Amino acid sequence: MGRKKKKQTKPWCWYCNREFDDEKILLQHQKAKHFKCHLCHKKLYTGPGLQIHSIQVHKENIDKVPNALKGRDNIEIEIYGMEGIPEEDLRAHEKRLAGKDKDDSDIPDTVKVPQPPPMGMPPMPPMGMMPNAPMMPMGFPGMPFGISSMPLPMMPVPMMQQLRPPMPMVPTAPGNSPNNLLPPVPSKPLFPSGATDNNNDGHSSSNLTTMASAAAAISNLSATNLGSLPGNRAKIEPVAGTAKIIHPDDDISLEEFRACLPKYKQMMMPQQMQMPPMPVGLSMANFVRPPMGGMPFLAPPPGFAPMGFNGPRY
Amino acid sequence: MIPSFGLSSAAPSNMTATTLGQKDLEIVQPPDDAISCMKFSPASVPQTYLIASSWANDIRCWEIQSNGQSVAKAIQKHDAPILSCCWSDDGSKVFTAGCDKTAKMWDLQANTFVQIAAHDAPIRTIHYIQRSSYTCVMTGGWDRTVKFWDTRQPTPLKQLALNERVYAADVLGPMAVITTADRAIQVYSLDQGPTEYKKIESLLKYQHRCVSIFTDKSRNPNGFAVGSIEGRVAIMYVNTTNPNVDNFTFKCHRSTPQLPANTQDIFAVNDIAFHPVHGTLSTVGSDGRYSFWDKDDRTKLKTSDVVNDQSVSCCAFESRGQLFAYASSYDWHKGHEGNNQTKKNAIYFRQCFEEMKPKPKK
C-alpha cells in the first residue's frame, strides 16, 4: 500500500465487514460475492436487485444475501458500496476500527487486486446473453436510462473489452442491461426514475464511475437523501410487470393515422372539392374579433407594417 | 429580458390563470383543431411572435408582449391540415406545409401566401436553411423524398430519395437531421449545399416521432435528441470517439406502474426542444405532460402535471430562452375513440429562463 496514513474511513463491506482500498474495489467485491446469482452467476447491483432477478428469472425467492455475516444478510436493505449503510452500523464499525487500530489482523481482509473481474469475465459472454432472452422480450421497456448505446443483446462483447480496465462494473454491464441496474445513488431520481416516476428502480448503467464520484453532486430536483433510501427503493421497486405502449399501431405514424379520417382525407384531394369543408367549424370570424384597434386580418399591408418585421426581403 | 409577468386582478381575460393553477398563460384564440407545430420568431426580430399550425388547416400568428399578453395577429389557410411550420432567419417569412402536399410561403409584410413546393404525398416537415452561400427551404414528405427549394422556382434545387416516409427532421446552422419511418437517421452537412454526412443507427427500437438538434457550448450543432413512441429519447452525438459512452437513452412519459400487476402505460414523445441558451431540453408526450431535462448531467429537472387531461402535441422555446410554449391537443394516440371533440385545443406558455438552467453541481 502506498499510503502513509490510513484514511479515516476506508470503504468496507457492510455484508461481511471486509475493508477495501477504495470504493471501486468494494463494489466489485459486493457484486461478486453478495449480489451474484447462484443460479446463473449474473451480477446484480444490490441485494434487492438480486432478489428481484431471482424471482423474475428463476422463480426463486431469495431471503438472504449470499456470503454475508449473520445479522448482515438482510436482502431487503439496499447497500451499494458505502451508500445505504445504516448509521448505527457505521458507528459500530468505526469503533471497531479504533479499537483494533494497533491490531493488524484486519489487513488480510483488504482486497488489493480486483479478483472478481478475471473471474467474472470468462463466464460473462455466454451468461450475459441467456438471462436476457427470457426476461426482456421487448428488451426495452425494462431498460433503464443510460445504457449507452447498448441495445441489449447486441453488443455485449465489444462493450466488455472496451471498458474492462477502467470500469469495475463492466463485466456485468452487458448482462445487466435488460435487468436491474442500480446507479450508485439509487435514491436520486436520475433520468427516468423521478421520484414519481415509474421506472425500473431508477437504474442507470452508463458511466457508473463518473456517477459514483459525482454521486453527491448529482443535482436533482426531487432528490431524496440517502437516509430514506431503503424506504424509497421499496416504493419504486415494483418493476413494471406489463408495459403497454399507448399507440395505435407501430408501422404508421399518428399523423398518418389521423389523416386517414374521412374529414381530413377529403381535403387532401384537391380535385374533389372547390370549397374545402372546414373540419371543426373553423371560425375565421372569431379570430378577427378581439379589439385590436381596428387591425384587420387578411388585410393589405398596412395592417401588418407597424409590426416591424424588418430585415431584408428574402 | 422580459420582465416577469404576474397575474393581476385587472388582467384582461386572456391572461387569466389556466386550470393549471400555475403561472402558465394561455394564448388567445387558439386553433380549432389539434396544433401540429409551433415556433417562436427568430432572435433577429425584436418583438416576440409565435406561429402555430393546426389540423384546422390554418397557420396563426400571435405576438407575445412583454407583459405576457398574447395578441392575435394574422392567419392563413391551406386546403388541408398543416403539419409543420417555420420562420425564415430574418423573421419576415413563415413557411408551412402539410396534408395538401404543398408548402407555402407567407410574406408577413405583404401578407401574401404562395405555394413554393409540392410533393406526391403530405409534407411532414419544413425547415428554413440559410448558409453563407445559399438559402433554401427543406421539405420532407411521406412520399419518401426530401426536397430543397429556392422559393422563386417551381422545381427543387435538389431532391433526395429516402427509403421511407419522413417522420421528423430538424435544421440548425450547418446541420440537418432527418429520420424516417424505418428509424433510419441521416445527418446532412449544409455548408456546401445539402450533402449526406452520416447515417446513424438509432438507439431506439420503436417508431421515431421527433428529432431536435443540440449544440455544444460554443453553439455549434454537434448532436441531436430523437424521441420515439415508446416513451424514450436517445441523445446522440454526431461525431464522438466513444459513442458507447457518450450516447444514451432515457425513459420518459411513462405512468407509474399500477398495482396489482404493475402495469405501466408508455406514451409517445411528441416533441423535443432545446433551450437556446442553457442547452437543457424539454420533451412533451401523449401522457399530457412536459418534462425538462439536462442531457449533460443526465438528470431530470422537472415534470409537469397532466395538462388539461389531454396529450401535449408540441412545444417550443422562445429564441432568447425566456418562454416555453406547449400545446394541449389530442394527438390521436388512442385512435378515433380517444377523440373528444368537446375538449378545447390550447397553447400555454410560461417563463422558463430560470427553471431551465442546469442545476449547479455541488
# chains A, B, ... in the order shown; residues from 1 in each chain; ligands from 1
call {"tool": "closest_atom_pairs", "arguments": {"of": "stretch 104-185 of chain B", "to": "stretch 208-231 of chain B", "cutoff": "9 Å", "atoms": "only C-alpha atoms", "output": "tab-separated table"}}
result
residue	atom	partner	partner_atom	distance
B:Tyr167	CA	B:Arg209	CA	6.2
B:Ala168	CA	B:Cys210	CA	5.1
B:Ala169	CA	B:Val211	CA	5.9
B:Asp170	CA	B:Ser212	CA	5.7
B:Val171	CA	B:Ile213	CA	7.1
B:Leu172	CA	B:Ile213	CA	6.6
B:Gly173	CA	B:Pro221	CA	7.0
B:Pro174	CA	B:Pro221	CA	7.6
B:Met175	CA	B:Pro221	CA	6.7
B:Ala176	CA	B:Ile213	CA	8.0
B:Val177	CA	B:Ile213	CA	7.6
B:Ile178	CA	B:Val211	CA	7.9
B:Thr179	CA	B:His208	CA	7.1
B:Thr180	CA	B:His208	CA	7.3
B:Ala181	CA	B:His208	CA	7.0
B:Asp182	CA	B:His208	CA	8.3
B:Arg183	CA	B:His208	CA	5.9
B:Ala184	CA	B:His208	CA	8.9
call {"tool": "residues_around", "arguments": {"residues": "B:Ser313", "least_positions_apart": "5", "cutoff": "10 Å", "atoms": "only C-alpha atoms", "output": "PyMOL selection string"}}
result
chain B and resi 34-38+268-271+284-290+326-332+347
call {"tool": "atom_distance", "arguments": {"atom1": "atom CA of B:Gly140", "atom2": "atom CA of B:Pro122"}}
result
8.9 Å
call {"tool": "residues_around", "arguments": {"residues": "A:Asn61", "least_positions_apart": "3", "cutoff": "7 Å", "atoms": "only C-alpha atoms", "output": "list of chain:residue names"}}
result
A:Gln51, A:Ser54, A:Ile55
call {"tool": "closest_residue", "arguments": {"among": "B:Phe349, B:Thr155, B:Val146, B:Ile59", "to": "B:Tyr188", "atoms": "only C-alpha atoms"}}
result
B:Val146
call {"tool": "closest_atom_pairs", "arguments": {"of": "stretch 282-358 of chain B", "to": "stretch 241-252 of chain B", "cutoff": "9 Å", "atoms": "only C-alpha atoms", "output": "JSON lines"}}
result
{"residue": "B:Thr283", "atom": "CA", "partner": "B:Cys252", "partner_atom": "CA", "distance": 8.3}
{"residue": "B:Gly285", "atom": "CA", "partner": "B:Cys252", "partner_atom": "CA", "distance": 8.5}
{"residue": "B:Ser291", "atom": "CA", "partner": "B:Cys252", "partner_atom": "CA", "distance": 8.2}
{"residue": "B:Arg298", "atom": "CA", "partner": "B:Phe250", "partner_atom": "CA", "distance": 8.6}
call {"tool": "write_last_selection", "arguments": {"atoms": "all heavy atoms", "output": "PDB file, in the first residue's frame"}}
result
ATOM      1  N   THR B 283     -39.295  17.758 -23.219  1.00  0.00           N
ATOM      2  CA  THR B 283     -39.993  16.740 -24.004  1.00  0.00           C
ATOM      3  C   THR B 283     -41.467  16.871 -23.644  1.00  0.00           C
ATOM      4  O   THR B 283     -41.809  17.207 -22.507  1.00  0.00           O
ATOM      5  CB  THR B 283     -39.532  15.314 -23.644  1.00  0.00           C
ATOM      6  OG1 THR B 283     -39.766  15.068 -22.254  1.00  0.00           O
ATOM      7  CG2 THR B 283     -38.060  15.128 -23.943  1.00  0.00           C
ATOM      8  N   GLY B 285     -45.353  14.802 -24.270  1.00  0.00           N
ATOM      9  CA  GLY B 285     -45.806  13.488 -24.688  1.00  0.00           C
ATOM     10  C   GLY B 285     -47.300  13.302 -24.694  1.00  0.00           C
ATOM     11  O   GLY B 285     -48.077  14.168 -24.277  1.00  0.00           O
ATOM     12  N   SER B 291     -41.731  17.663 -19.688  1.00  0.00           N
ATOM     13  CA  SER B 291     -40.619  17.456 -18.756  1.00  0.00           C
ATOM     14  C   SER B 291     -39.405  18.209 -19.239  1.00  0.00           C
ATOM     15  O   SER B 291     -39.211  18.372 -20.443  1.00  0.00           O
ATOM     16  CB  SER B 291     -40.268  15.966 -18.660  1.00  0.00           C
ATOM     17  OG  SER B 291     -41.277  15.246 -18.009  1.00  0.00           O
ATOM     18  N   ARG B 298     -27.403  14.334 -17.182  1.00  0.00           N
ATOM     19  CA  ARG B 298     -28.276  13.164 -17.252  1.00  0.00           C
ATOM     20  C   ARG B 298     -29.259  13.139 -16.098  1.00  0.00           C
ATOM     21  O   ARG B 298     -29.423  12.137 -15.405  1.00  0.00           O
ATOM     22  CB  ARG B 298     -27.466  11.872 -17.306  1.00  0.00           C
ATOM     23  CG  ARG B 298     -26.481  11.884 -18.472  1.00  0.00           C
ATOM     24  CD  ARG B 298     -25.966  10.520 -18.824  1.00  0.00           C
ATOM     25  NE  ARG B 298     -24.985  10.612 -19.889  1.00  0.00           N
ATOM     26  CZ  ARG B 298     -24.456   9.568 -20.513  1.00  0.00           C
ATOM     27  NH1 ARG B 298     -24.827   8.362 -20.177  1.00  0.00           N
ATOM     28  NH2 ARG B 298     -23.568   9.731 -21.468  1.00  0.00           N
TER      29      ARG B 298
END
call {"tool": "select_by_dssp", "arguments": {"residues": "stretch 177-358 of chain B", "states": "strand (DSSP E)", "output": "count of residues only"}}
result
84
call {"tool": "closest_residue", "arguments": {"among": "A:Pro86, A:Gly71, A:Pro262, A:Pro248", "to": "chain B", "atoms": "only C-alpha atoms"}}
result
A:Pro248
call {"tool": "residues_around", "arguments": {"residues": "B:Glu355", "least_positions_apart": "6", "cutoff": "9 Å", "atoms": "only C-alpha atoms", "output": "mmCIF file with N, CA and C atoms, in the first residue's frame"}}
result
data_model
loop_
_atom_site.group_PDB
_atom_site.id
_atom_site.type_symbol
_atom_site.label_atom_id
_atom_site.label_comp_id
_atom_site.auth_asym_id
_atom_site.auth_seq_id
_atom_site.Cartn_x
_atom_site.Cartn_y
_atom_site.Cartn_z
ATOM 1 N N PHE B 292 -38.617 18.635 -18.289
ATOM 2 C CA PHE B 292 -37.362 19.305 -18.617
ATOM 3 C C PHE B 292 -36.212 18.425 -18.171
ATOM 4 N N LEU B 301 -35.037 17.677 -14.697
ATOM 5 C CA LEU B 301 -35.204 18.909 -13.945
ATOM 6 C C LEU B 301 -36.621 19.030 -13.394
ATOM 7 N N LYS B 302 -37.581 18.557 -14.184
ATOM 8 C CA LYS B 302 -38.963 18.746 -13.756
ATOM 9 C C LYS B 302 -39.911 17.968 -14.638
#
call {"tool": "residues_around", "arguments": {"residues": "A:Asn17", "least_positions_apart": "3", "cutoff": "9 Å", "atoms": "only C-alpha atoms", "output": "ChimeraX atom specification"}}
result
/A:12-14,68-69,93,109
call {"tool": "write_last_selection", "arguments": {"atoms": "C-alpha atoms", "output": "PDB file, in the first residue's frame"}}
result
ATOM      1  CA  TRP A  12     -15.825  -1.514   3.887  1.00  0.00           C
ATOM      2  CA  CYS A  13     -18.447  -4.024   3.066  1.00  0.00           C
ATOM      3  CA  TRP A  14     -21.484  -3.951   5.270  1.00  0.00           C
ATOM      4  CA  ALA A  68     -22.915 -12.372   4.423  1.00  0.00           C
ATOM      5  CA  LEU A  69     -22.409 -12.340   8.153  1.00  0.00           C
ATOM      6  CA  HIS A  93     -17.618  -0.179  12.537  1.00  0.00           C
ATOM      7  CA  ASP A 109      -9.145  -8.786   4.686  1.00  0.00           C
TER       8      ASP A 109
END
